[in-house]
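File shown: final-v2.cif. Contents: mmCIF, C-alpha atoms.
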data_data
#
loop_
_atom_site.label_atom_id
_atom_site.label_comp_id
_atom_site.auth_asym_id
_atom_site.auth_seq_id
_atom_site.Cartn_x
_atom_site.Cartn_y
_atom_site.Cartn_z
CA MET J 5 0.00 0.00 0.00
CA ASP J 6 1.33 3.28 -0.91
CA LEU J 7 1.68 5.46 2.02
CA PHE J 8 1.72 9.08 1.29
CA GLU J 9 0.88 10.21 4.78
CA GLY J 10 3.19 12.84 6.04
CA LEU J 11 4.46 13.84 2.68
CA GLY J 12 4.04 17.23 1.12
CA SER J 13 0.83 18.18 -0.57
CA GLU J 14 2.64 18.52 -3.80
CA PHE J 15 2.58 14.82 -4.00
CA ALA J 16 -1.14 14.51 -3.20
CA PRO J 17 -3.49 14.05 -6.04
CA PRO J 18 -5.22 17.31 -7.02
CA ALA J 19 -8.52 17.97 -5.27
CA PRO J 20 -11.46 18.47 -7.47
CA ALA J 21 -12.20 22.12 -8.14
CA PRO J 22 -15.17 23.45 -6.18
CA ALA J 23 -18.27 24.06 -8.17
CA ARG J 24 -18.56 27.69 -9.21
CA THR J 25 -21.60 29.31 -7.74
CA ARG J 26 -23.66 31.00 -10.38
CA ARG J 27 -24.39 34.58 -9.62
CA VAL J 28 -28.04 35.36 -9.77
CA LYS J 29 -28.61 38.77 -11.11
CA LYS J 30 -31.01 40.80 -9.06
CA PRO J 31 -33.72 42.38 -11.09
CA LYS J 32 -33.29 46.08 -11.48
CA LEU J 33 -35.85 48.14 -9.66
CA VAL J 34 -37.57 50.38 -12.12
CA ALA J 35 -38.91 53.61 -10.64
CA PRO J 36 -42.50 54.37 -11.48
CA PRO J 37 -42.95 57.13 -14.00
CA ALA J 38 -42.88 60.56 -12.40
CA VAL J 39 -46.27 62.12 -11.98
CA PRO J 40 -46.18 65.87 -12.62
CA LEU J 41 -47.28 67.94 -9.65
CA ALA J 42 -50.44 69.91 -10.10
CA PRO J 43 -49.81 73.65 -10.15
CA PRO J 44 -50.79 75.40 -6.90
CA ALA J 45 -54.30 76.76 -6.84
CA PRO J 46 -54.39 80.47 -7.56
CA VAL J 47 -54.87 82.67 -4.50
CA ASP J 48 -58.20 84.47 -4.45
CA PRO J 49 -57.42 88.07 -3.40
CA HIS J 50 -61.00 88.47 -2.20
CA ALA J 51 -61.06 85.34 -0.05
CA PRO J 52 -61.12 85.90 3.74
CA PRO J 53 -57.87 85.18 5.56
CA ALA J 54 -57.46 81.75 7.10
CA VAL J 55 -58.61 81.60 10.69
CA PRO J 56 -56.25 79.84 13.13
CA LEU J 57 -57.80 76.80 14.78
CA ALA J 58 -57.23 78.28 18.22
CA ASP J 59 -59.36 81.26 17.28
CA THR J 60 -62.24 79.07 16.14
CA LEU J 61 -62.25 77.40 19.55
CA THR J 62 -62.38 80.69 21.44
CA LEU J 63 -65.80 81.61 22.73
CA ALA J 64 -67.17 85.03 21.99
CA ASN J 65 -67.73 86.92 25.20
CA PHE J 66 -70.70 89.13 26.11
CA ALA J 67 -70.55 90.34 29.70
CA HIS J 68 -73.03 92.66 31.39
CA PRO J 69 -71.24 94.89 33.97
CA GLN J 70 -73.81 93.85 36.62
CA ALA J 71 -73.81 90.17 35.61
CA THR J 72 -74.75 87.65 38.31
CA ARG J 73 -75.18 84.53 36.15
CA GLU J 74 -73.47 83.05 33.11
CA VAL J 75 -74.46 80.68 30.30
CA VAL J 76 -72.83 79.28 27.15
CA LEU J 77 -74.97 79.71 24.04
CA GLY J 78 -73.50 78.07 20.96
CA SER J 79 -70.04 79.58 20.52
CA ALA J 80 -70.59 82.46 22.96
CA ARG J 81 -70.27 82.90 26.69
CA VAL J 82 -72.97 85.26 27.95
CA ALA J 83 -72.75 86.76 31.43
CA TYR J 84 -76.09 88.39 32.15
CA GLU J 85 -77.81 90.49 34.77
CA PHE J 86 -80.53 88.47 36.51
CA LYS J 87 -83.25 89.88 38.72
CA ARG J 88 -86.52 88.62 40.11
CA GLY J 89 -89.61 90.73 40.47
CA LYS J 90 -93.36 90.95 40.42
CA ARG J 91 -94.04 89.78 36.90
CA LYS J 92 -95.85 86.89 35.26
CA THR J 93 -93.34 85.83 32.61
CA ILE J 94 -89.60 85.67 31.97
CA GLY J 95 -88.42 88.80 30.16
CA PHE J 96 -85.29 89.50 28.10
CA LEU J 97 -83.70 92.87 27.37
CA VAL J 98 -80.61 93.37 25.21
CA GLY J 99 -79.20 96.86 25.67
CA ALA J 100 -75.91 98.68 25.30
CA GLU J 101 -74.53 96.96 28.42
CA GLY J 102 -75.58 93.43 27.49
CA LEU J 103 -78.31 90.94 28.37
CA SER J 104 -80.70 91.46 31.28
CA VAL J 105 -83.13 88.73 32.35
CA ARG J 106 -86.15 89.28 34.59
CA ALA J 107 -88.16 86.42 36.07
CA PRO J 108 -91.05 85.92 38.52
CA ARG J 109 -90.05 84.95 42.05
CA TRP J 110 -91.61 81.48 41.74
CA VAL J 111 -89.77 80.40 38.54
CA ALA J 112 -86.98 77.86 39.09
CA LEU J 113 -83.50 78.66 37.78
CA ARG J 114 -83.55 75.59 35.52
CA ASP J 115 -86.65 77.03 33.85
CA VAL J 116 -84.86 80.35 33.39
CA ASP J 117 -81.90 78.55 31.76
CA ALA J 118 -84.27 76.62 29.50
CA ALA J 119 -85.98 79.85 28.42
CA ILE J 120 -82.60 81.46 27.66
CA HIS J 121 -81.53 78.51 25.49
CA GLU J 122 -84.86 78.61 23.69
CA LYS J 123 -84.29 82.28 22.85
CA SER J 124 -80.55 81.82 22.19
CA ASP J 125 -80.69 82.68 18.46
CA TRP J 126 -82.50 85.96 19.15
CA ILE J 127 -80.26 86.81 22.11
CA LEU J 128 -77.00 86.21 20.21
CA ARG J 129 -78.22 88.14 17.18
CA LYS J 130 -79.19 91.14 19.30
CA LEU J 131 -75.96 91.02 21.33
CA THR J 132 -73.90 90.89 18.13
CA GLU J 133 -75.85 93.75 16.54
CA THR J 134 -75.46 95.85 19.70
CA GLN J 135 -71.72 95.13 19.89
CA GLN J 136 -71.24 96.06 16.24
CA ARG J 137 -73.26 99.24 16.67
CA HIS J 138 -71.15 100.18 19.70
CA ALA J 139 -67.96 99.57 17.68
CA ARG J 140 -69.24 101.83 14.89
CA VAL J 141 -70.07 104.55 17.38
CA GLU J 142 -66.66 104.33 19.03
CA ALA J 143 -65.05 104.57 15.60
CA THR J 144 -66.82 107.91 15.09
CA ARG J 145 -65.69 109.45 18.37
CA ILE J 146 -64.69 113.04 17.67
CA GLU J 147 -61.24 114.26 18.72
CA TRP J 148 -61.60 117.89 19.62
CA LYS J 149 -58.45 119.32 18.08
CA ASP J 150 -57.33 121.19 14.98
CA GLY J 151 -57.76 119.02 11.90
CA ALA J 152 -60.35 116.65 13.38
CA GLY J 153 -63.72 116.26 11.71
CA PHE J 154 -67.32 115.11 11.80
CA PRO J 155 -70.23 114.76 9.33
CA PHE J 156 -72.42 117.75 8.56
CA LEU J 157 -75.57 117.02 6.52
CA GLY J 158 -74.02 113.67 5.67
CA GLU J 159 -70.76 115.12 4.31
CA PRO J 160 -67.35 115.23 6.04
CA VAL J 161 -66.21 118.51 7.57
CA VAL J 162 -62.75 119.24 9.00
CA MET J 163 -62.24 121.76 11.79
CA GLN J 164 -59.60 124.46 11.50
CA LEU J 165 -58.84 126.65 14.50
CA ASP J 166 -58.63 130.21 13.21
CA PRO J 167 -58.86 132.87 15.96
CA LYS J 168 -57.71 135.77 13.72
CA HIS J 169 -60.82 135.94 11.56
CA GLY J 170 -63.67 138.27 12.44
CA PHE J 171 -66.56 135.85 12.73
CA ALA J 172 -66.68 135.65 16.52
CA SER J 173 -70.36 136.66 16.51
CA VAL J 174 -71.32 133.48 14.66
CA GLY J 175 -68.45 131.35 15.97
CA GLY J 176 -67.24 130.00 12.64
CA THR J 177 -67.69 129.72 8.92
CA LEU J 178 -67.87 126.79 6.52
CA ASP J 179 -65.52 127.11 3.54
CA ASP J 180 -65.35 125.04 0.38
CA ALA J 181 -63.06 122.04 0.26
CA VAL J 182 -59.35 122.74 -0.06
CA GLU J 183 -59.02 119.97 -2.63
CA GLU J 184 -61.62 118.83 -5.13
CA GLY J 185 -63.56 115.92 -3.64
CA GLY J 186 -62.11 116.54 -0.19
CA PRO J 187 -63.91 117.61 2.99
CA ARG J 188 -65.14 121.15 3.55
CA VAL J 189 -63.37 123.22 6.19
CA LEU J 190 -65.11 124.62 9.26
CA ARG J 191 -63.05 127.53 10.57
CA LEU J 192 -63.71 128.16 14.25
CA ALA J 193 -62.84 131.31 16.17
CA VAL J 194 -60.84 129.35 18.75
CA ALA J 195 -57.21 129.72 19.84
CA GLN J 196 -54.72 127.12 18.65
CA ASN J 197 -53.94 126.17 22.26
CA ALA J 198 -57.60 125.88 23.28
CA GLU J 199 -58.74 123.02 25.49
CA PRO J 200 -60.71 120.20 23.80
CA SER J 201 -63.82 121.25 25.72
CA GLN J 202 -63.56 124.79 24.28
CA ILE J 203 -63.26 123.46 20.74
CA ARG J 204 -66.22 121.13 21.32
CA ASP J 205 -68.39 123.94 22.68
CA ALA J 206 -67.56 126.21 19.74
CA ALA J 207 -68.36 123.47 17.22
CA GLN J 208 -71.59 122.57 19.03
CA ALA J 209 -72.73 126.18 19.10
CA TRP J 210 -72.15 126.50 15.36
CA LEU J 211 -73.93 123.20 14.62
CA MET J 212 -76.92 124.14 16.77
CA ARG J 213 -77.32 127.44 14.91
CA GLN J 214 -77.25 125.57 11.61
CA ALA J 215 -79.71 122.99 12.94
CA ARG J 216 -82.27 125.56 14.12
CA LYS J 217 -82.15 127.43 10.83
CA LEU J 218 -82.55 124.26 8.75
CA PHE J 219 -85.26 122.73 10.98
CA ILE J 220 -87.40 125.87 10.68
CA GLU J 221 -87.07 125.76 6.90
CA ARG J 222 -88.14 122.10 6.77
CA LEU J 223 -91.00 122.59 9.24
CA ASP J 224 -92.32 125.45 7.11
CA HIS J 225 -92.01 123.23 4.04
CA PHE J 226 -93.88 120.17 5.36
CA ALA J 227 -96.50 121.78 7.61
CA PRO J 228 -98.70 123.11 4.73
CA LEU J 229 -98.39 119.77 2.92
CA LEU J 230 -99.76 117.99 5.99
CA GLY J 231 -102.35 120.64 6.77
CA VAL J 232 -100.97 121.42 10.24
CA GLN J 233 -99.42 124.40 12.01
CA TRP J 234 -96.48 124.24 14.35
CA GLN J 235 -96.08 126.88 17.07
CA LYS J 236 -92.70 126.48 18.72
CA LEU J 237 -89.39 124.73 18.01
CA SER J 238 -87.05 123.54 20.77
CA LEU J 239 -83.69 121.89 20.24
CA SER J 240 -83.17 118.68 22.18
CA ASN J 241 -79.98 116.97 23.33
CA ALA J 242 -81.67 113.69 24.28
CA SER J 243 -79.63 110.49 23.97
CA THR J 244 -82.53 108.20 23.01
CA ARG J 245 -85.06 110.34 21.13
CA TRP J 246 -84.82 112.24 17.87
CA GLY J 247 -87.96 114.32 18.27
CA SER J 248 -91.35 114.81 19.89
CA ALA J 249 -94.55 116.74 19.25
CA SER J 250 -97.24 118.13 21.55
CA ALA J 251 -100.89 118.74 20.79
CA ASP J 252 -100.34 122.50 21.26
CA GLY J 253 -98.06 122.56 18.20
CA SER J 254 -94.73 122.46 20.07
CA ILE J 255 -91.99 120.51 18.27
CA ARG J 256 -88.75 119.24 19.79
CA LEU J 257 -85.96 118.07 17.47
CA ASN J 258 -82.56 116.72 18.42
CA TRP J 259 -79.90 119.10 17.09
CA ARG J 260 -77.61 116.10 16.36
CA LEU J 261 -79.82 115.34 13.38
CA ILE J 262 -77.69 117.93 11.59
CA HIS J 263 -75.08 115.16 11.16
CA PHE J 264 -77.45 113.25 8.82
CA ARG J 265 -78.33 113.76 5.17
CA LEU J 266 -81.25 116.08 4.43
CA PRO J 267 -83.68 113.26 3.44
CA VAL J 268 -83.22 111.66 6.86
CA ILE J 269 -83.85 115.00 8.58
CA ASP J 270 -86.95 115.48 6.45
CA TYR J 271 -88.28 112.11 7.61
CA VAL J 272 -87.96 113.11 11.29
CA VAL J 273 -89.52 116.55 10.67
CA ALA J 274 -92.45 115.02 8.77
CA HIS J 275 -92.82 112.35 11.46
CA GLU J 276 -93.26 114.89 14.23
CA LEU J 277 -95.57 117.14 12.19
CA ALA J 278 -97.72 114.10 11.35
CA HIS J 279 -98.30 113.67 15.08
CA LEU J 280 -100.16 116.98 15.07
CA ARG J 281 -102.78 115.13 13.01
CA VAL J 282 -102.50 111.62 14.50
CA MET J 283 -101.13 111.37 18.06
CA ASP J 284 -100.17 107.70 17.87
CA HIS J 285 -98.32 105.26 15.61
CA SER J 286 -101.37 103.66 14.04
CA HIS J 287 -101.67 102.65 10.40
CA ARG J 288 -103.32 106.01 9.73
CA PHE J 289 -100.30 107.80 11.17
CA TRP J 290 -97.84 106.02 8.87
CA GLU J 291 -100.08 106.72 5.89
CA THR J 292 -99.90 110.40 6.83
CA VAL J 293 -96.08 110.30 6.93
CA GLU J 294 -95.98 108.40 3.63
CA SER J 295 -98.08 111.06 1.94
CA VAL J 296 -95.16 113.51 2.14
CA VAL J 297 -92.17 111.14 2.51
CA PRO J 298 -92.89 108.08 0.32
CA ASP J 299 -89.61 106.30 1.20
CA TYR J 300 -89.96 106.95 4.94
CA ASP J 301 -89.34 103.27 5.80
CA LEU J 302 -85.91 103.27 4.15
CA LEU J 303 -84.98 106.59 5.79
CA ARG J 304 -86.23 105.30 9.12
CA ARG J 305 -83.86 102.32 8.90
CA GLN J 306 -80.96 104.58 7.95
CA LEU J 307 -81.63 106.74 10.99
CA LYS J 308 -81.51 103.64 13.15
CA ASP J 309 -78.49 101.97 11.54
CA GLU J 310 -76.13 104.86 10.83
CA ALA J 311 -73.70 105.67 13.61
CA VAL J 312 -74.01 109.13 15.10
CA PRO J 313 -70.68 110.78 15.97
CA ARG J 314 -69.68 110.18 19.58
CA TRP J 315 -69.40 113.45 21.48
CA GLY J 316 -67.39 113.41 24.66
#
Give the structure from the file, written as structure tokens.
Amino acid sequence: MDLFEGLGSEFAPPAPAPARTRRVKKPKLVAPPAVPLAPPAPVDPHAPPAVPLADTLTLANFAHPQATREVVLGSARVAYEFKRGKRKTIGFLVGAEGLSVRAPRWVALRDVDAAIHEKSDWILRKLTETQQRHARVEATRIEWKDGAGFPFLGEPVVMQLDPKHGFASVGGTLDDAVEEGGPRVLRLAVAQNAEPSQIRDAAQAWLMRQARKLFIERLDHFAPLLGVQWQKLSLSNASTRWGSASADGSIRLNWRLIHFRLPVIDYVVAHELAHLRVMDHSHRFWETVESVVPDYDLLRRQLKDEAVPRWG
């Protein structure tokens, strides 16, 4: 037996070559065809700005200064004044300060809450309207200084302090606009360093003179058309009433009407003169007003909706 043990490998018979492993080619990954991106939607310049989510979750707040109870109505928190009294039903009043609720002494609070929720749409609408009206009024607050302004017969007027001119007896004069289409200029005989209260008093005195003169003209115009006679005109400064009429022919008109356009003033004048024929607000009364002011209903709404300049 041949013994090759211990000898060098060079003498060993060659080992069979290992089988060559075939390389499997991995399939190439083919990217899907690119899909063109859609162009961004055009921005609408008239669209409202986006509202942050946090803002949409914030409750609107209506708080009466004498509030004693609070309720959440829809997306609003309403703090309201609550009082009990000798009455038969639950009553609601939405005024400049907010919501007031009156209830009989025997009504349970749960019934009051139920009544408030039942009237929630009306309450929120009135509170929103009142808040918006207050904002409009505040926006018209007059600053009593040189260059400030206010509406006169529905048109803007700018005050100019001019103590050197000789119109002290009438307090001021209304000039044409400095620029075409701009406001007219009311020159007041007031010193440049005058206090705001002095400027306000001078402007008020001038406006009241203009109001009296115009009111008399309009009373004399409408009285014959309505077949009535007025006897006396008084200027009022009331905060809640534009005019009144007495059976003896006395007429009271709020001088602040001079801020409005002439058609609105005419409606109020005709309204009060019509009371000299019909001392109520019956259908016959409104027919009387309509006979001389056909669009009285539109003018009536304008008087209610337009903000009167805030004096103070």
Given the PyMOL selection byres ((chain J and resi 72) around 9) and the file above, list the residues it selects as a PyMOL selection string. chain J and resi 68+70-71+73-74+83-87
Could you name the residues that touch Val98 in chain J at 9 Å or less, counting only C-alpha atoms, but leaving out those on the same chain fewer than 5 positions away, as a list in words? Leu103, Ser104, Val105, Ile127, Lys130, Leu131 and Thr134 of chain J
Of the candidates J:Glu122, J:Asp224, J:Asp166, J:Asp179, which one gets nearest to Ala198 in chain J if we count only C-alpha atoms?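 Checking each of J:Glu122, J:Asp224, J:Asp166, J:Asp179 against Ala198 in chain J, counting only C-alpha atoms, the winner is J:Asp166.
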Give as number ranges by chain every residue, naming chains and numbers as the document does, that has an atom within 10 Å of (-61.0, 118.8, 5.1), counting all atoms listed in the file. J: 151-154, 160-164, 179-183, 185-190
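Atom pair CA of Gly175 in chain J / CA of Ala193 in chain J has a distance of 5.6 Å (rounded to one decimal).
Residue nearest Leu223 in chain J, chosen from J:Asp252, J:Asp115, J:Glu184, J:Glu276 and counting all atoms listed in the file: J:Glu276.
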Apply the PyMOL selection byres ((chain J and resi 280-293) around 10) to the file shown and report the selected residues as a ChimeraX atom specification. /J:227,230-234,249-255,271-279,294-301
Nearest to Gly99 in chain J: which of J:His138, J:Arg222, J:Arg260, J:Arg304 is it, counting all atoms listed in the file?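 Residue with the minimum atom-to-atom distance to Gly99 in chain J: J:His138.
Relative to CA of Lys168 in chain J, CA of Pro313 in chain J is found at 28.2 Å.
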